Amino acid sequence: MTTVLQPFLAYISAQQIASLGLDATPELYPELAQAIPPVDYLGFDATFLGLVPMVVLGAILGANDYQNHRLRNLFLTQSNRSQVFMVKTIALIVTSLGLSLVSIYLTILTTHVGLGSLGLNLIRLSPIAWQYIGYTGFYWLMLTVLSFGLAMLSKNVILPLFVLIPQIYNLGAFLAERWDWATYLPVAAGNGLLATPTDLIPQTISEGVIVLIAWPFLMMIIACVRFIKRDVGGAY
C-alpha cells in the first residue's frame, strides 16, 4: 500500500495544488487550512499515510515468532539468543529502510510529476527535498523498530498498535499542543522533525533525532534482555 496508494494520493494532491498555484493562500482560497509550503517541501504531508503500515509491519514481525511454537523451534536450531535477536534486528532495519526510502522517493517523484512545470527537476529534485526524504525515512524506520520492540516485549501485536497508531492519528499532536512533555513522545518528535516553514509547529531537528533514536533504542534493549531470558515453554 505504501508504494502504490501513497504516491497516487500525492499525485492527486499535487494536481490540485498546481491548479491553485504555489502562491495560493487561505485568504484567496478559504478551503486552504494554511499557505502552501515552498515547492521543496511538497509531497511530504502524504508520507504520513505510510506510517501506519510500517508500524503494523514492525508489530507483526516482532510478534511473529511467538505464534505456533516458532520461537521454540528457532532456539532448537540456534541456541545463541543474543545472536538471534541481533540478526532479526538487522534484517528488520535493512528491510524497513529499503521499503521506506523507495516508497517515500516514489511519493515525492509523483508529487512533482503532478505539479508539472511548477515542480522540481525529477532527477535532481533539490537539496531540501533530498534532506527531507532522509528525515522521513529515518522517522519511518524508528517507528518501525519501536513497534517491533514493543511487540517482542509484549509477545503480541496489540500493544504497539495501541500505543503508536492513536499518536499517528493526531493524538500525539493534540497532547503536544497542551503539555510540553508530550513533545517527547515519538510521533510528536517526528512531526517536529518534518515541520515545514508554513506549519504551525516549530521544526526541532536535533530534538527530533535524539528522541526518535532514544525510544526504540531503550525499547530494543529491554526487549533484548527479555528475549534472552524468556522461558519458551508452554504456548511458545
# chains A, B, ... in the order shown; residues from 1 in each chain; ligands from 1
>>> residues_around(residues="range 170-187 of chain A", least_positions_apart="4", cutoff="7 Å", atoms="only C-alpha atoms", output="ChimeraX atom specification")
/A:166,191,211-212,215
>>> closest_atom_pairs(of="range 45-129 of chain A", to="range 17-30 of chain A", cutoff="8 Å", atoms="only C-alpha atoms", output="Markdown table")
| residue | atom | partner | partner_atom | distance |
| --- | --- | --- | --- | --- |
| A:Gly114 | CA | A:Ala18 | CA | 7.6 |
| A:Leu115 | CA | A:Ala18 | CA | 5.3 |
| A:Gly116 | CA | A:Ala18 | CA | 7.6 |
| A:Leu118 | CA | A:Ala18 | CA | 7.0 |
>>> write_last_selection(atoms="N, CA and C atoms", output="PDB file, in the first residue's frame")
ATOM      1  N   GLY A 114       2.999  15.470 -10.792  1.00  0.00           N
ATOM      2  CA  GLY A 114       1.686  16.099 -10.733  1.00  0.00           C
ATOM      3  C   GLY A 114       1.739  17.614 -10.790  1.00  0.00           C
ATOM      4  N   LEU A 115       2.813  18.199 -10.284  1.00  0.00           N
ATOM      5  CA  LEU A 115       2.958  19.656 -10.318  1.00  0.00           C
ATOM      6  C   LEU A 115       3.297  20.177 -11.710  1.00  0.00           C
ATOM      7  N   GLY A 116       3.772  19.298 -12.565  1.00  0.00           N
ATOM      8  CA  GLY A 116       4.118  19.707 -13.923  1.00  0.00           C
ATOM      9  C   GLY A 116       5.260  20.700 -13.938  1.00  0.00           C
ATOM     10  N   LEU A 118       5.544  23.425 -12.513  1.00  0.00           N
ATOM     11  CA  LEU A 118       5.768  24.076 -11.222  1.00  0.00           C
ATOM     12  C   LEU A 118       6.673  23.252 -10.314  1.00  0.00           C
TER      13      LEU A 118
END
>>> closest_residue(among="A:Leu106, A:Leu51, A:Val56, A:Glu31", to="Thr3 in chain A", atoms="only C-alpha atoms")
A:Leu106
>>> atom_distance(atom1="CA of Thr89 in chain A", atom2="CA of Met54 in chain A")
14.8 Å
>>> select_by_dssp(residues="range 105-203 of chain A", states="helix (DSSP H, G or I)", output="CSV table (one decimal) with N, CA and C atoms, in the first residue's frame")
chain,number,residue,atom,x,y,z
A,105,TYR,N,10.5,8.1,-1.8
A,105,TYR,CA,11.0,8.7,-3.1
A,105,TYR,C,10.0,8.7,-4.2
A,106,LEU,N,9.2,7.5,-4.3
A,106,LEU,CA,8.2,7.5,-5.3
A,106,LEU,C,7.1,8.5,-5.0
A,107,THR,N,6.8,8.7,-3.7
A,107,THR,CA,5.8,9.7,-3.4
A,107,THR,C,6.2,11.1,-3.8
A,108,ILE,N,7.4,11.5,-3.5
A,108,ILE,CA,7.9,12.8,-3.9
A,108,ILE,C,8.0,12.9,-5.4
A,109,LEU,N,8.5,11.9,-6.0
A,109,LEU,CA,8.6,11.9,-7.5
A,109,LEU,C,7.3,12.1,-8.2
A,110,THR,N,6.2,11.4,-7.7
A,110,THR,CA,4.9,11.6,-8.3
A,110,THR,C,4.3,12.9,-8.0
A,111,THR,N,4.7,13.5,-6.8
A,111,THR,CA,4.2,14.8,-6.5
A,111,THR,C,4.7,15.8,-7.5
A,112,HIS,N,5.9,15.7,-7.9
A,112,HIS,CA,6.5,16.7,-8.8
A,112,HIS,C,6.1,16.4,-10.3
A,113,VAL,N,5.7,15.2,-10.5
A,113,VAL,CA,5.1,14.9,-11.8
A,113,VAL,C,3.8,15.6,-11.9
A,114,GLY,N,3.0,15.5,-10.8
A,114,GLY,CA,1.7,16.1,-10.7
A,114,GLY,C,1.7,17.6,-10.8
A,115,LEU,N,2.8,18.2,-10.3
A,115,LEU,CA,3.0,19.7,-10.3
A,115,LEU,C,3.3,20.2,-11.7
A,116,GLY,N,3.8,19.3,-12.6
A,116,GLY,CA,4.1,19.7,-13.9
A,116,GLY,C,5.3,20.7,-13.9
A,117,SER,N,5.1,21.8,-14.7
A,117,SER,CA,6.2,22.8,-14.8
A,117,SER,C,6.5,23.5,-13.5
A,118,LEU,N,5.5,23.4,-12.5
A,118,LEU,CA,5.8,24.1,-11.2
A,118,LEU,C,6.7,23.3,-10.3
A,127,PRO,N,18.3,20.0,-2.8
A,127,PRO,CA,18.9,19.6,-1.5
A,127,PRO,C,17.9,19.5,-0.4
A,128,ILE,N,17.0,20.4,-0.3
A,128,ILE,CA,16.0,20.3,0.8
A,128,ILE,C,15.1,19.1,0.6
A,129,ALA,N,14.7,18.8,-0.6
A,129,ALA,CA,13.8,17.6,-0.8
A,129,ALA,C,14.6,16.3,-0.5
A,130,TRP,N,15.8,16.2,-0.9
A,130,TRP,CA,16.6,15.0,-0.5
A,130,TRP,C,16.8,14.9,1.0
A,131,GLN,N,17.0,16.1,1.6
A,131,GLN,CA,17.2,16.1,3.1
A,131,GLN,C,15.9,15.6,3.8
A,132,TYR,N,14.8,16.0,3.3
A,132,TYR,CA,13.5,15.6,3.9
A,132,TYR,C,13.2,14.1,3.6
A,133,ILE,N,13.6,13.7,2.4
A,133,ILE,CA,13.5,12.2,2.1
A,133,ILE,C,14.2,11.4,3.2
A,134,GLY,N,15.5,11.9,3.5
A,134,GLY,CA,16.2,11.2,4.6
A,134,GLY,C,15.6,11.3,5.9
A,135,TYR,N,15.1,12.5,6.3
A,135,TYR,CA,14.4,12.7,7.6
A,135,TYR,C,13.2,11.7,7.7
A,136,THR,N,12.4,11.7,6.6
A,136,THR,CA,11.2,10.9,6.6
A,136,THR,C,11.5,9.4,6.7
A,137,GLY,N,12.5,8.9,5.9
A,137,GLY,CA,12.9,7.6,6.0
A,137,GLY,C,13.4,7.2,7.4
A,138,PHE,N,14.1,8.1,8.0
A,138,PHE,CA,14.6,7.9,9.4
A,138,PHE,C,13.4,7.8,10.4
A,139,TYR,N,12.4,8.7,10.2
A,139,TYR,CA,11.2,8.7,11.0
A,139,TYR,C,10.5,7.3,10.9
A,140,TRP,N,10.2,6.9,9.7
A,140,TRP,CA,9.6,5.6,9.4
A,140,TRP,C,10.3,4.5,10.1
A,141,LEU,N,11.6,4.5,9.9
A,141,LEU,CA,12.5,3.4,10.4
A,141,LEU,C,12.4,3.3,11.9
A,142,MET,N,12.5,4.5,12.6
A,142,MET,CA,12.5,4.5,14.0
A,142,MET,C,11.2,4.0,14.6
A,143,LEU,N,10.0,4.4,14.0
A,143,LEU,CA,8.7,3.9,14.5
A,143,LEU,C,8.6,2.4,14.2
A,144,THR,N,9.1,1.9,13.1
A,144,THR,CA,9.0,0.5,12.8
A,144,THR,C,9.8,-0.3,13.8
A,145,VAL,N,11.0,0.2,14.2
A,145,VAL,CA,11.8,-0.5,15.1
A,145,VAL,C,11.2,-0.5,16.5
A,146,LEU,N,10.6,0.7,16.9
A,146,LEU,CA,9.9,0.8,18.2
A,146,LEU,C,8.7,-0.1,18.2
A,147,SER,N,8.0,-0.2,17.2
A,147,SER,CA,6.8,-1.1,17.1
A,147,SER,C,7.3,-2.6,17.3
A,148,PHE,N,8.4,-2.9,16.6
A,148,PHE,CA,9.0,-4.3,16.7
A,148,PHE,C,9.4,-4.6,18.1
A,149,GLY,N,10.0,-3.6,18.8
A,149,GLY,CA,10.5,-3.9,20.2
A,149,GLY,C,9.3,-4.0,21.1
A,150,LEU,N,8.3,-3.2,20.9
A,150,LEU,CA,7.1,-3.3,21.8
A,150,LEU,C,6.4,-4.7,21.6
A,151,ALA,N,6.3,-5.1,20.3
A,151,ALA,CA,5.7,-6.4,20.0
A,151,ALA,C,6.5,-7.6,20.6
A,152,MET,N,7.8,-7.5,20.5
A,152,MET,CA,8.6,-8.6,21.1
A,152,MET,C,8.5,-8.6,22.6
A,153,LEU,N,8.4,-7.4,23.2
A,153,LEU,CA,8.3,-7.3,24.7
A,153,LEU,C,7.0,-7.9,25.2
A,154,SER,N,5.9,-7.5,24.4
A,154,SER,CA,4.5,-7.9,24.9
A,154,SER,C,4.1,-9.3,24.3
A,158,ILE,N,-0.8,-6.2,19.7
A,158,ILE,CA,-1.8,-5.3,20.2
A,158,ILE,C,-1.1,-4.1,20.9
A,159,LEU,N,-0.1,-4.3,21.7
A,159,LEU,CA,0.5,-3.2,22.4
A,159,LEU,C,1.1,-2.1,21.5
A,160,PRO,N,1.9,-2.5,20.5
A,160,PRO,CA,2.4,-1.4,19.6
A,160,PRO,C,1.4,-0.7,18.8
A,161,LEU,N,0.3,-1.4,18.4
A,161,LEU,CA,-0.7,-0.7,17.7
A,161,LEU,C,-1.5,0.2,18.6
A,162,PHE,N,-1.8,-0.2,19.8
A,162,PHE,CA,-2.5,0.6,20.8
A,162,PHE,C,-1.7,1.8,21.2
A,163,VAL,N,-0.4,1.7,21.3
A,163,VAL,CA,0.4,2.8,21.7
A,163,VAL,C,0.7,3.8,20.6
A,164,LEU,N,1.0,3.3,19.4
A,164,LEU,CA,1.5,4.2,18.3
A,164,LEU,C,0.5,4.7,17.4
A,165,ILE,N,-0.5,3.9,17.0
A,165,ILE,CA,-1.4,4.4,16.0
A,165,ILE,C,-2.3,5.5,16.4
A,166,PRO,N,-2.8,5.6,17.7
A,166,PRO,CA,-3.5,6.8,18.1
A,166,PRO,C,-2.6,8.1,18.0
A,167,GLN,N,-1.4,7.9,18.3
A,167,GLN,CA,-0.5,9.1,18.2
A,167,GLN,C,-0.3,9.5,16.8
A,168,ILE,N,-0.3,8.6,15.8
A,168,ILE,CA,-0.2,9.0,14.4
A,168,ILE,C,-1.5,9.7,14.0
A,169,TYR,N,-2.6,9.3,14.5
A,169,TYR,CA,-3.9,9.9,14.1
A,169,TYR,C,-4.2,11.1,15.1
A,170,ASN,N,-3.3,12.0,15.2
A,170,ASN,CA,-3.4,13.3,15.8
A,170,ASN,C,-3.4,13.3,17.3
A,171,LEU,N,-3.4,12.2,18.0
A,171,LEU,CA,-3.4,12.2,19.4
A,171,LEU,C,-2.0,12.8,19.9
A,172,GLY,N,-0.9,12.4,19.2
A,172,GLY,CA,0.4,13.0,19.6
A,172,GLY,C,0.4,14.5,19.4
A,173,ALA,N,-0.1,15.0,18.3
A,173,ALA,CA,-0.2,16.5,18.1
A,173,ALA,C,-1.1,17.1,19.1
A,174,PHE,N,-2.2,16.5,19.4
A,174,PHE,CA,-3.1,17.0,20.4
A,174,PHE,C,-2.5,17.2,21.8
A,175,LEU,N,-1.8,16.1,22.2
A,175,LEU,CA,-1.1,16.2,23.5
A,175,LEU,C,0.0,17.2,23.5
A,176,ALA,N,0.8,17.3,22.4
A,176,ALA,CA,2.0,18.2,22.3
A,176,ALA,C,1.5,19.6,22.4
A,177,GLU,N,0.3,19.9,21.9
A,177,GLU,CA,-0.2,21.3,21.9
A,177,GLU,C,-0.5,21.7,23.4
A,178,ARG,N,-0.8,20.8,24.2
A,178,ARG,CA,-1.2,21.1,25.6
A,178,ARG,C,-0.2,20.9,26.7
A,180,ASP,N,4.1,20.3,27.5
A,180,ASP,CA,5.4,20.2,26.9
A,180,ASP,C,6.0,18.8,26.9
A,181,TRP,N,5.7,18.0,27.9
A,181,TRP,CA,6.3,16.7,28.0
A,181,TRP,C,5.9,15.8,26.8
A,182,ALA,N,4.7,16.1,26.2
A,182,ALA,CA,4.2,15.3,25.1
A,182,ALA,C,5.0,15.5,23.8
A,183,THR,N,5.8,16.6,23.8
A,183,THR,CA,6.6,16.8,22.6
A,183,THR,C,7.7,15.7,22.5
A,184,TYR,N,8.0,15.0,23.6
A,184,TYR,CA,9.0,14.0,23.6
A,184,TYR,C,8.4,12.6,23.3
A,186,PRO,N,7.2,9.8,20.7
A,186,PRO,CA,7.9,9.5,19.4
A,186,PRO,C,7.3,10.2,18.2
A,187,VAL,N,5.9,10.1,18.1
A,187,VAL,CA,5.3,10.7,16.9
A,187,VAL,C,5.3,12.2,16.9
A,188,ALA,N,5.2,12.8,18.1
A,188,ALA,CA,5.3,14.3,18.1
A,188,ALA,C,6.7,14.7,17.8
A,189,ALA,N,7.7,14.0,18.2
A,189,ALA,CA,9.1,14.3,17.8
A,189,ALA,C,9.3,14.2,16.3
A,190,GLY,N,8.7,13.2,15.7
A,190,GLY,CA,8.8,13.0,14.3
A,190,GLY,C,8.1,14.2,13.5
A,191,ASN,N,7.0,14.6,14.1
A,191,ASN,CA,6.3,15.7,13.5
A,191,ASN,C,7.1,17.0,13.5
A,192,GLY,N,7.8,17.2,14.6
A,192,GLY,CA,8.7,18.3,14.7
A,192,GLY,C,9.9,18.3,13.8
A,193,LEU,N,10.4,17.0,13.6
A,193,LEU,CA,11.5,16.8,12.6
A,193,LEU,C,11.1,17.2,11.2
